>>> print(open('data.txt').read())   # compact mmCIF, C-alpha atoms and all ligand atoms
# COMPACT_ATOMS: atom_id res chain seq x y z
CA MET Y 112 13.39 -189.41 119.53
CA SER Y 113 13.48 -185.72 120.39
CA ASP Y 114 12.78 -183.04 117.83
CA ASP Y 115 15.08 -180.09 118.52
CA SER Y 116 12.94 -177.65 116.51
CA ARG Y 117 10.08 -178.02 119.00
CA PRO Y 118 10.21 -175.91 122.16
CA SER Y 119 9.91 -177.86 125.40
CA ARG Y 120 6.61 -177.63 127.25
CA SER Y 121 8.18 -175.30 129.82
CA GLU Y 122 8.82 -172.60 127.21
CA ALA Y 123 5.77 -173.33 125.06
CA ARG Y 124 3.82 -170.30 123.91
CA THR Y 125 0.19 -170.08 124.99
CA ALA Y 126 -2.78 -168.94 122.91
CA VAL Y 127 -6.32 -168.46 124.22
CA VAL Y 128 -9.52 -169.04 122.24
CA ILE Y 129 -12.41 -167.03 123.69
CA PRO Y 130 -15.83 -168.18 122.47
CA ALA Y 131 -17.99 -165.04 122.59
CA ALA Y 132 -20.52 -165.79 119.86
CA GLY Y 133 -23.48 -166.75 122.07
CA LYS Y 134 -26.72 -164.79 122.26
CA GLY Y 135 -27.17 -164.93 126.01
CA VAL Y 136 -30.78 -166.08 125.88
CA ARG Y 137 -30.87 -166.81 129.64
CA LEU Y 138 -29.71 -163.28 130.40
CA GLY Y 139 -32.80 -161.89 128.66
CA PRO Y 140 -33.32 -159.57 125.68
CA GLY Y 141 -30.54 -157.20 124.61
CA ALA Y 142 -27.16 -157.22 122.89
CA PRO Y 143 -25.20 -160.50 122.58
CA LYS Y 144 -24.07 -161.43 126.11
CA ALA Y 145 -20.33 -160.85 125.56
CA LEU Y 146 -21.00 -157.26 124.47
CA ARG Y 147 -23.09 -156.31 127.52
CA ALA Y 148 -21.40 -153.88 129.87
CA LEU Y 149 -20.13 -154.58 133.37
CA ASN Y 150 -19.40 -151.28 135.10
CA GLY Y 151 -19.32 -149.61 131.70
CA THR Y 152 -16.89 -152.02 129.99
CA PRO Y 153 -18.06 -154.89 127.73
CA MET Y 154 -17.88 -158.32 129.39
CA LEU Y 155 -15.68 -159.54 126.53
CA ILE Y 156 -13.07 -156.86 127.24
CA HIS Y 157 -12.94 -157.93 130.89
CA ALA Y 158 -12.47 -161.54 129.75
CA VAL Y 159 -9.72 -160.67 127.24
CA ARG Y 160 -7.89 -158.62 129.88
CA ALA Y 161 -8.18 -161.48 132.37
CA MET Y 162 -6.36 -163.73 129.88
CA ALA Y 163 -3.81 -161.11 128.80
CA ALA Y 164 -2.95 -160.60 132.49
CA SER Y 165 -1.02 -163.88 132.34
CA ARG Y 166 2.55 -163.31 131.14
CA ALA Y 167 2.46 -166.68 129.37
CA VAL Y 168 -0.34 -165.64 127.01
CA SER Y 169 0.90 -164.17 123.72
CA LEU Y 170 -2.21 -164.49 121.55
CA VAL Y 171 -5.96 -164.16 122.12
CA VAL Y 172 -8.39 -165.39 119.44
CA VAL Y 173 -11.84 -163.92 120.00
CA VAL Y 174 -14.74 -165.77 118.39
CA ALA Y 175 -17.32 -163.05 117.73
CA PRO Y 176 -21.06 -163.30 117.05
CA PRO Y 177 -21.44 -164.50 113.42
CA ASP Y 178 -22.25 -161.01 112.07
CA GLY Y 179 -20.34 -159.06 114.73
CA ALA Y 180 -16.66 -159.58 113.88
CA PRO Y 181 -15.99 -156.00 112.63
CA GLU Y 182 -17.69 -154.53 115.74
CA VAL Y 183 -15.66 -156.77 118.07
CA LYS Y 184 -12.46 -155.93 116.19
CA SER Y 185 -13.00 -152.18 116.71
CA LEU Y 186 -13.92 -152.77 120.35
CA LEU Y 187 -10.57 -154.54 120.90
CA ASP Y 188 -8.72 -151.81 118.99
CA ALA Y 189 -10.25 -149.27 121.36
CA HIS Y 190 -9.16 -151.04 124.57
CA ALA Y 191 -5.46 -151.35 125.31
CA LEU Y 192 -3.91 -154.77 125.92
CA PRO Y 193 -0.39 -155.46 127.17
CA GLU Y 194 2.18 -155.11 124.39
CA ARG Y 195 3.10 -158.82 124.58
CA THR Y 196 -0.45 -159.87 123.62
CA ASP Y 197 -1.70 -160.08 120.01
CA PHE Y 198 -5.31 -160.66 119.10
CA LEU Y 199 -7.35 -162.03 116.23
CA VAL Y 200 -11.11 -161.91 115.68
CA VAL Y 201 -13.07 -164.58 113.78
CA PRO Y 202 -16.84 -165.02 113.36
CA GLY Y 203 -18.43 -167.83 115.39
CA GLY Y 204 -21.01 -170.54 114.75
CA GLU Y 205 -24.37 -171.89 115.88
CA THR Y 206 -23.07 -173.79 118.91
CA ARG Y 207 -20.27 -173.19 121.40
CA GLN Y 208 -18.48 -176.25 120.04
CA GLU Y 209 -18.58 -174.88 116.48
CA SER Y 210 -17.38 -171.49 117.70
CA VAL Y 211 -14.38 -173.01 119.49
CA LYS Y 212 -13.54 -175.06 116.38
CA LEU Y 213 -13.61 -171.89 114.23
CA GLY Y 214 -11.25 -170.25 116.73
CA LEU Y 215 -8.87 -173.23 116.61
CA ASP Y 216 -8.89 -173.15 112.79
CA ALA Y 217 -7.58 -169.56 112.95
CA LEU Y 218 -4.64 -170.36 115.28
CA PRO Y 219 -1.20 -169.74 113.76
CA PRO Y 220 1.17 -172.71 114.16
CA ASP Y 221 3.56 -171.40 116.82
CA HIS Y 222 1.54 -172.04 119.99
CA ASP Y 223 1.80 -175.43 121.71
CA ILE Y 224 -0.57 -174.71 124.59
CA VAL Y 225 -4.15 -173.60 123.97
CA LEU Y 226 -6.63 -172.37 126.56
CA VAL Y 227 -10.34 -172.10 125.89
CA HIS Y 228 -12.08 -169.45 127.97
CA ASP Y 229 -15.75 -168.37 128.01
CA ALA Y 230 -16.27 -164.66 127.41
CA ALA Y 231 -19.07 -165.16 129.94
CA ARG Y 232 -16.47 -165.67 132.74
CA PRO Y 233 -15.04 -162.14 132.72
CA LEU Y 234 -13.62 -162.04 136.25
CA VAL Y 235 -11.39 -165.11 136.51
CA PRO Y 236 -8.25 -164.19 138.51
CA VAL Y 237 -4.84 -164.46 136.82
CA ASP Y 238 -3.66 -167.01 139.40
CA THR Y 239 -6.27 -169.47 138.11
CA VAL Y 240 -5.16 -168.87 134.50
CA ASP Y 241 -1.52 -169.44 135.49
CA ALA Y 242 -2.35 -172.60 137.47
CA VAL Y 243 -4.04 -174.11 134.39
CA ILE Y 244 -1.08 -173.23 132.13
CA GLU Y 245 1.37 -174.60 134.72
CA ALA Y 246 -0.43 -177.97 134.81
CA VAL Y 247 -0.36 -178.25 130.99
CA ARG Y 248 3.34 -177.35 131.02
CA GLY Y 249 3.77 -180.10 133.60
CA GLY Y 250 2.58 -182.64 131.02
CA ALA Y 251 -1.22 -182.94 131.40
CA PRO Y 252 -2.96 -183.10 127.98
CA ALA Y 253 -6.07 -181.38 129.42
CA VAL Y 254 -6.63 -179.32 132.57
CA VAL Y 255 -9.82 -177.86 134.02
CA PRO Y 256 -10.28 -175.51 136.97
CA ALA Y 257 -13.10 -176.67 139.21
CA LEU Y 258 -14.73 -176.16 142.61
CA PRO Y 259 -16.53 -178.48 145.02
CA LEU Y 260 -20.31 -178.11 144.96
CA ALA Y 261 -22.28 -176.23 147.59
CA ASP Y 262 -25.60 -177.94 146.75
CA THR Y 263 -26.37 -181.63 146.84
CA VAL Y 264 -27.08 -182.84 143.28
CA LYS Y 265 -29.89 -185.23 142.28
CA GLU Y 266 -30.23 -187.11 139.02
CA VAL Y 267 -33.89 -187.10 137.90
CA GLU Y 268 -36.12 -188.53 135.22
CA PRO Y 269 -36.88 -185.25 133.37
CA ALA Y 270 -40.60 -184.33 133.34
CA ARG Y 271 -42.38 -184.62 129.98
CA THR Y 272 -44.41 -181.51 130.80
CA SER Y 273 -42.44 -178.61 132.21
CA GLY Y 274 -43.29 -177.90 135.85
CA ASP Y 275 -44.42 -181.48 136.67
CA PRO Y 276 -42.72 -183.13 139.69
CA GLU Y 277 -39.71 -185.21 138.56
CA PRO Y 278 -38.80 -188.57 140.15
CA VAL Y 279 -35.28 -188.75 141.61
CA VAL Y 280 -33.19 -191.52 140.07
CA ALA Y 281 -29.97 -191.17 142.08
CA THR Y 282 -27.96 -188.98 144.45
CA PRO Y 283 -24.27 -189.00 143.47
CA SER Y 284 -21.85 -188.53 146.37
CA ARG Y 285 -21.17 -184.79 146.52
CA ALA Y 286 -17.60 -185.30 147.72
CA ARG Y 287 -16.72 -186.74 144.28
CA LEU Y 288 -18.38 -183.99 142.22
CA ARG Y 289 -16.83 -180.77 140.93
CA ALA Y 290 -18.31 -177.75 139.13
CA VAL Y 291 -16.08 -177.06 136.17
CA GLN Y 292 -15.03 -173.59 134.98
CA THR Y 293 -12.79 -172.09 132.31
CA PRO Y 294 -10.07 -171.41 131.17
CA GLN Y 295 -9.55 -175.07 130.30
CA GLY Y 296 -6.02 -175.77 129.11
CA PHE Y 297 -4.78 -178.20 126.49
CA ASP Y 298 -1.87 -179.55 124.61
CA ARG Y 299 -2.71 -178.01 121.25
CA ALA Y 300 -2.49 -181.18 119.14
CA THR Y 301 -4.72 -183.04 121.61
CA LEU Y 302 -7.44 -180.37 121.53
CA ILE Y 303 -7.38 -180.20 117.74
CA ARG Y 304 -7.64 -183.98 117.49
CA ALA Y 305 -10.56 -183.94 119.97
CA HIS Y 306 -12.43 -181.34 117.89
CA GLU Y 307 -11.79 -183.33 114.70
CA THR Y 308 -12.88 -186.65 116.23
CA VAL Y 309 -15.77 -186.02 118.61
CA THR Y 310 -19.10 -185.10 117.03
CA ASP Y 311 -21.40 -185.50 120.09
CA ASP Y 312 -22.92 -182.35 121.50
CA VAL Y 313 -20.84 -181.35 124.53
CA THR Y 314 -20.81 -178.32 126.84
CA ASP Y 315 -17.09 -178.24 127.53
CA ASP Y 316 -13.89 -179.00 125.64
CA ALA Y 317 -12.32 -181.27 128.25
CA SER Y 318 -15.13 -183.82 127.84
CA MET Y 319 -14.07 -184.23 124.20
CA VAL Y 320 -10.57 -185.12 125.37
CA GLU Y 321 -12.09 -187.59 127.86
CA GLN Y 322 -13.85 -189.20 124.89
CA LEU Y 323 -10.44 -189.74 123.27
CA GLY Y 324 -9.61 -191.88 126.32
CA LEU Y 325 -7.07 -189.42 127.75
CA THR Y 326 -6.88 -188.28 131.36
CA VAL Y 327 -8.18 -184.81 132.16
CA VAL Y 328 -6.96 -183.31 135.45
CA VAL Y 329 -8.59 -180.78 137.73
CA VAL Y 330 -6.85 -177.84 139.44
CA PRO Y 331 -8.53 -175.55 141.99
CA GLY Y 332 -10.97 -173.10 140.40
CA HIS Y 333 -12.06 -169.76 141.86
CA GLU Y 334 -15.40 -168.31 143.01
CA GLU Y 335 -14.80 -165.26 140.82
CA ALA Y 336 -14.54 -167.45 137.71
CA PHE Y 337 -18.34 -167.95 137.81
CA LYS Y 338 -20.24 -167.80 134.52
CA VAL Y 339 -22.51 -164.82 133.92
CA THR Y 340 -25.63 -166.70 132.86
CA ARG Y 341 -28.77 -165.16 134.43
CA PRO Y 342 -29.66 -161.55 135.37
CA LEU Y 343 -28.63 -162.00 139.03
CA ASP Y 344 -25.09 -162.90 137.85
CA LEU Y 345 -24.72 -159.34 136.47
CA VAL Y 346 -25.40 -157.97 139.95
CA LEU Y 347 -22.78 -160.31 141.44
CA ALA Y 348 -20.20 -159.43 138.75
CA GLU Y 349 -20.61 -155.70 139.34
CA ALA Y 350 -20.32 -156.27 143.09
CA VAL Y 351 -17.05 -158.15 142.56
CA LEU Y 352 -15.73 -155.28 140.43
CA ALA Y 353 -16.78 -152.72 143.07
CA ARG Y 354 -14.98 -154.74 145.77
CA ARG Y 355 -11.84 -154.93 143.64
CA ARG Y 356 -11.90 -151.18 143.10
CA LEU Y 357 -12.22 -150.59 146.84
CA ASN Y 358 -9.35 -152.97 147.60
CA ASP Y 359 -7.16 -151.43 144.89
CA GLY Y 360 -7.91 -147.97 146.24
CA PHE Y 361 -6.24 -148.64 149.61
N1 LIG R 1 -20.78 -169.35 122.72
C1 LIG R 1 -20.24 -169.22 121.44
N2 LIG R 1 -20.96 -169.61 120.34
C2 LIG R 1 -22.22 -170.10 120.48
C3 LIG R 1 -22.77 -170.26 121.78
C4 LIG R 1 -22.02 -169.89 122.90
O1 LIG R 1 -19.11 -168.73 121.30
N3 LIG R 1 -22.90 -170.42 119.41
C5 LIG R 1 -20.00 -168.87 123.89
C6 LIG R 1 -20.73 -167.78 124.66
O2 LIG R 1 -20.54 -166.51 124.01
C7 LIG R 1 -20.13 -167.86 126.03
C8 LIG R 1 -19.67 -169.33 126.14
O3 LIG R 1 -19.80 -169.90 124.84
O4 LIG R 1 -18.98 -167.02 126.19
C9 LIG R 1 -20.50 -170.08 127.17
O5 LIG R 1 -21.84 -170.19 126.72
P1 LIG R 1 -23.13 -169.69 127.50
O6 LIG R 1 -22.80 -169.18 128.84
O7 LIG R 1 -24.18 -170.73 127.33
O8 LIG R 1 -23.52 -168.37 126.64
P2 LIG R 1 -24.71 -168.17 125.63
O9 LIG R 1 -24.86 -169.37 124.78
O10 LIG R 1 -24.48 -166.85 124.99
O11 LIG R 1 -25.94 -168.03 126.66
P3 LIG R 1 -27.36 -168.78 126.56
O12 LIG R 1 -27.06 -170.25 126.57
O13 LIG R 1 -28.11 -168.29 127.78
O14 LIG R 1 -27.98 -168.30 125.26
MG MG R 2 -25.39 -171.29 125.67
>>> encode(input="data.txt", output="structure tokens")
Amino acid sequence: MSDDSRPSRSEARTAVVIPAAGKGVRLGPGAPKALRALNGTPMLIHAVRAMAASRAVSLVVVVAPPDGAPEVKSLLDAHALPERTDFLVVPGGETRQESVKLGLDALPPDHDIVLVHDAARPLVPVDTVDAVIEAVRGGAPAVVPALPLADTVKEVEPARTSGDPEPVVATPSRARLRAVQTPQGFDRATLIRAHETVTDDVTDDASMVEQLGLTVVVVPGHEEAFKVTRPLDLVLAEAVLARRRLNDGF
């Protein structure tokens, strides 16, 4: 039976939850990672703008460091977003999973598609965002952007003492492997059910939907959607921004 009060998937409104509550331990000492500057602008602002660049996105929920919500709120107030895009700021939790859940809890009811996007992926192009939304609109309950791997991957028996040689257990066929990025896109009800049901520690949201037994699909990711994780990634991110500025200038 159809419910006429529900918009069809093709006109569904899209909200984005941006987990930005991490410390950025691997980046080294300093401010929380999402608040570090790239070419003078906080990484989080780049990430929010990357999401707001999609015409389908009408709400961005930023999950701030637990004691940093007021600071993040004033940061967003100080940086213009397109008029069509609202934002909310909520404090995050101890783990990424908790932070995403706190963001989902703050979502108003009128969005049927939800994206989850790492603040640490500030440079994702709008075409990737739109491709993810398009695939959810097409009926997939969960969509992830991903790229083939450059390196061969080995499964090992982890060393008990760090630095010891580790025996290789297996070499999965690289042709079947993908490196997964964000934004990941979901049918809202499915993502909420996944976060209510799955309690295992996971590093991405789509794997929770897999645990519900549903099919997750992959769309092409983008090199520029890389995650700023270690110091060298800051150099790469600023180089990407410099290249964009050059290209925009001509
Ligand atoms: N994140 C979050 N809440 C946490 C931990 C992580 O919202 N408790 C967010 C981060 O802010 C980041 C995204 O999840 O945008 C991906 O996590 P990651 O790259 O691991 O960032 P950090 O956890 O900050 O970095 P690290 O693991 O090096 O400390
Ligand atoms: Mg982390």
>>> residues_near_ligand(input="data.txt", ligand="ligand MG 2 (chain R)", cutoff="8 Å", atoms="all atoms listed in the file", output="count of residues only")
6
>>> closest_residue(input="data.txt", among="Y:Gln292, Y:Thr308, Y:Asn150, Y:Thr239", to="ligand LIG 1 (chain R)", atoms="all atoms listed in the file")
Y:Gln292
>>> closest_residue(input="data.txt", among="Y:Ala148, Y:Met154, Y:Ala164, Y:Leu260", to="ligand LIG 1 (chain R)", atoms="all atoms listed in the file")
Y:Met154
>>> atom_distance(input="data.txt", atom1="atom CA of Pro193 of chain Y", atom2="atom CA of Leu170 of chain Y")
10.8 Å
>>> residues_near_ligand(input="data.txt", ligand="ligand LIG 1 (chain R)", cutoff="7 Å", atoms="all atoms listed in the file", output="list of chain:residue names")
Y:Pro130, Y:Ala131, Y:Ala132, Y:Gly133, Y:Lys134, Y:Gly135, Y:Val136, Y:Arg137, Y:Leu138, Y:Pro143, Y:Lys144, Y:Ala145, Y:Val174, Y:Ala175, Y:Gly203, Y:Gly204, Y:Glu205, Y:Thr206, Y:Arg207, Y:Glu209, Y:Ser210, Y:Val211, Y:Asp229, Y:Ala230, Y:Ala231, Y:Lys338, Y:Val339, Y:Thr340
>>> atom_distance(input="data.txt", atom1="atom CA of Arg271 of chain Y", atom2="atom CA of Val291 of chain Y")
28.1 Å
>>> axis_aligned_box(input="data.txt", around="segment 257-261 of chain Y", padding_each_side="6 Å", output="JSON")
{"center_x": -17.7, "center_y": -177.3, "center_z": 143.4, "size_x": 21.2, "size_y": 14.3, "size_z": 20.4}
>>> residues_near_point(input="data.txt", point="(1.6, -164.5, 131.2)", cutoff="12 Å", atoms="all atoms listed in the file", output="ChimeraX atom specification")
/Y:122-127,160-171,193-196,237-245
>>> residues_around(input="data.txt", residues="Thr152 of chain Y", least_positions_apart="5", cutoff="12 Å", atoms="all atoms listed in the file", output="PyMOL selection string")
chain Y and resi 145-147+157-160+186-187+189-190+233+348-349+352
>>> residues_around(input="data.txt", residues="segment 262-266 of chain Y", least_positions_apart="3", cutoff="7 Å", atoms="only C-alpha atoms", output="MDAnalysis selection string")
chainID Y and resid 279:283 285
>>> closest_residue(input="data.txt", among="Y:Arg248, Y:Leu347, Y:Glu277, Y:Gly360", to="Asp223 of chain Y", atoms="all atoms listed in the file")
Y:Arg248
>>> closest_residue(input="data.txt", among="Y:Leu199, Y:Leu149, Y:Val255, Y:Ala261", to="Ala353 of chain Y", atoms="all atoms listed in the file")
Y:Leu149
>>> closest_residue(input="data.txt", among="Y:Leu155, Y:Val351, Y:Ile224, Y:Leu234", to="Asp298 of chain Y", atoms="all atoms listed in the file")
Y:Ile224
>>> residues_around(input="data.txt", residues="Asp311 of chain Y", least_positions_apart="3", cutoff="10 Å", atoms="all atoms listed in the file", output="PDB file with C-alpha atoms, keeping the file's coordinate frame")
ATOM      1  CA  GLN Y 208     -18.480-176.250 120.040  1.00  0.00           C
ATOM      2  CA  THR Y 308     -12.880-186.650 116.230  1.00  0.00           C
ATOM      3  CA  THR Y 314     -20.810-178.320 126.840  1.00  0.00           C
ATOM      4  CA  MET Y 319     -14.070-184.230 124.200  1.00  0.00           C
ATOM      5  CA  GLN Y 322     -13.850-189.200 124.890  1.00  0.00           C
TER       6      GLN Y 322
END
>>> closest_residue(input="data.txt", among="Y:Val267, Y:Val329, Y:Leu323, Y:Leu215", to="Val227 of chain Y", atoms="only C-alpha atoms")
Y:Leu215
>>> atom_distance(input="data.txt", atom1="atom CA of Pro140 of chain Y", atom2="atom CA of Gly179 of chain Y")
17.0 Å
>>> residues_around(input="data.txt", residues="Val200 of chain Y", least_positions_apart="6", cutoff="10 Å", atoms="all atoms listed in the file", output="PyMOL selection string")
chain Y and resi 128-129+171-175+179-185+187+214+217
>>> write_last_selection(input="data.txt", atoms="C-alpha atoms", output="mmCIF file, in the frame of the given file")
data_model
loop_
_atom_site.group_PDB
_atom_site.id
_atom_site.type_symbol
_atom_site.label_atom_id
_atom_site.label_comp_id
_atom_site.auth_asym_id
_atom_site.auth_seq_id
_atom_site.Cartn_x
_atom_site.Cartn_y
_atom_site.Cartn_z
ATOM 1 C CA VAL Y 128 -9.520 -169.040 122.240
ATOM 2 C CA ILE Y 129 -12.410 -167.030 123.690
ATOM 3 C CA VAL Y 171 -5.960 -164.160 122.120
ATOM 4 C CA VAL Y 172 -8.390 -165.390 119.440
ATOM 5 C CA VAL Y 173 -11.840 -163.920 120.000
ATOM 6 C CA VAL Y 174 -14.740 -165.770 118.390
ATOM 7 C CA ALA Y 175 -17.320 -163.050 117.730
ATOM 8 C CA GLY Y 179 -20.340 -159.060 114.730
ATOM 9 C CA ALA Y 180 -16.660 -159.580 113.880
ATOM 10 C CA PRO Y 181 -15.990 -156.000 112.630
ATOM 11 C CA GLU Y 182 -17.690 -154.530 115.740
ATOM 12 C CA VAL Y 183 -15.660 -156.770 118.070
ATOM 13 C CA LYS Y 184 -12.460 -155.930 116.190
ATOM 14 C CA SER Y 185 -13.000 -152.180 116.710
ATOM 15 C CA LEU Y 187 -10.570 -154.540 120.900
ATOM 16 C CA GLY Y 214 -11.250 -170.250 116.730
ATOM 17 C CA ALA Y 217 -7.580 -169.560 112.950
#
>>> decode(input="data.txt", residues="segment 189-230 of chain Y", atoms="C-alpha atoms", output="mmCIF file, in the first residue's frame")
data_model
loop_
_atom_site.group_PDB
_atom_site.id
_atom_site.type_symbol
_atom_site.label_atom_id
_atom_site.label_comp_id
_atom_site.auth_asym_id
_atom_site.auth_seq_id
_atom_site.Cartn_x
_atom_site.Cartn_y
_atom_site.Cartn_z
ATOM 1 C CA ALA Y 189 31.021 33.122 10.656
ATOM 2 C CA HIS Y 190 31.262 31.215 7.348
ATOM 3 C CA ALA Y 191 28.495 31.650 4.799
ATOM 4 C CA LEU Y 192 26.623 28.619 3.472
ATOM 5 C CA PRO Y 193 24.158 28.578 0.575
ATOM 6 C CA GLU Y 194 20.742 29.882 1.618
ATOM 7 C CA ARG Y 195 19.100 26.483 0.985
ATOM 8 C CA THR Y 196 21.272 24.802 3.648
ATOM 9 C CA ASP Y 197 20.441 24.816 7.383
ATOM 10 C CA PHE Y 198 22.805 23.569 10.037
ATOM 11 C CA LEU Y 199 22.693 22.178 13.551
ATOM 12 C CA VAL Y 200 25.550 21.521 15.966
ATOM 13 C CA VAL Y 201 25.514 18.771 18.609
ATOM 14 C CA PRO Y 202 28.291 17.551 20.928
ATOM 15 C CA GLY Y 203 29.883 14.203 20.018
ATOM 16 C CA GLY Y 204 30.970 11.097 21.906
ATOM 17 C CA GLU Y 205 33.953 8.882 22.687
ATOM 18 C CA THR Y 206 33.885 6.919 19.418
ATOM 19 C CA ARG Y 207 32.983 7.793 15.833
ATOM 20 C CA GLN Y 208 30.017 5.430 16.073
ATOM 21 C CA GLU Y 209 28.690 7.218 19.169
ATOM 22 C CA SER Y 210 29.197 10.588 17.504
ATOM 23 C CA VAL Y 211 27.221 9.550 14.415
ATOM 24 C CA LYS Y 212 24.432 8.197 16.646
ATOM 25 C CA LEU Y 213 24.253 11.538 18.520
ATOM 26 C CA GLY Y 214 23.983 13.300 15.149
ATOM 27 C CA LEU Y 215 21.177 10.980 14.022
ATOM 28 C CA ASP Y 216 19.307 11.584 17.305
ATOM 29 C CA ALA Y 217 19.252 15.317 16.474
ATOM 30 C CA LEU Y 218 17.776 14.888 12.965
ATOM 31 C CA PRO Y 219 14.347 16.471 12.476
ATOM 32 C CA PRO Y 220 11.807 14.085 10.907
ATOM 33 C CA ASP Y 221 11.519 15.523 7.394
ATOM 34 C CA HIS Y 222 14.594 14.008 5.728
ATOM 35 C CA ASP Y 223 14.344 10.566 4.131
ATOM 36 C CA ILE Y 224 17.929 10.331 2.895
ATOM 37 C CA VAL Y 225 20.864 10.681 5.279
ATOM 38 C CA LEU Y 226 24.527 10.949 4.350
ATOM 39 C CA VAL Y 227 27.327 10.461 6.854
ATOM 40 C CA HIS Y 228 30.506 12.332 5.969
ATOM 41 C CA ASP Y 229 33.836 12.549 7.836
ATOM 42 C CA ALA Y 230 34.948 16.091 8.617
#
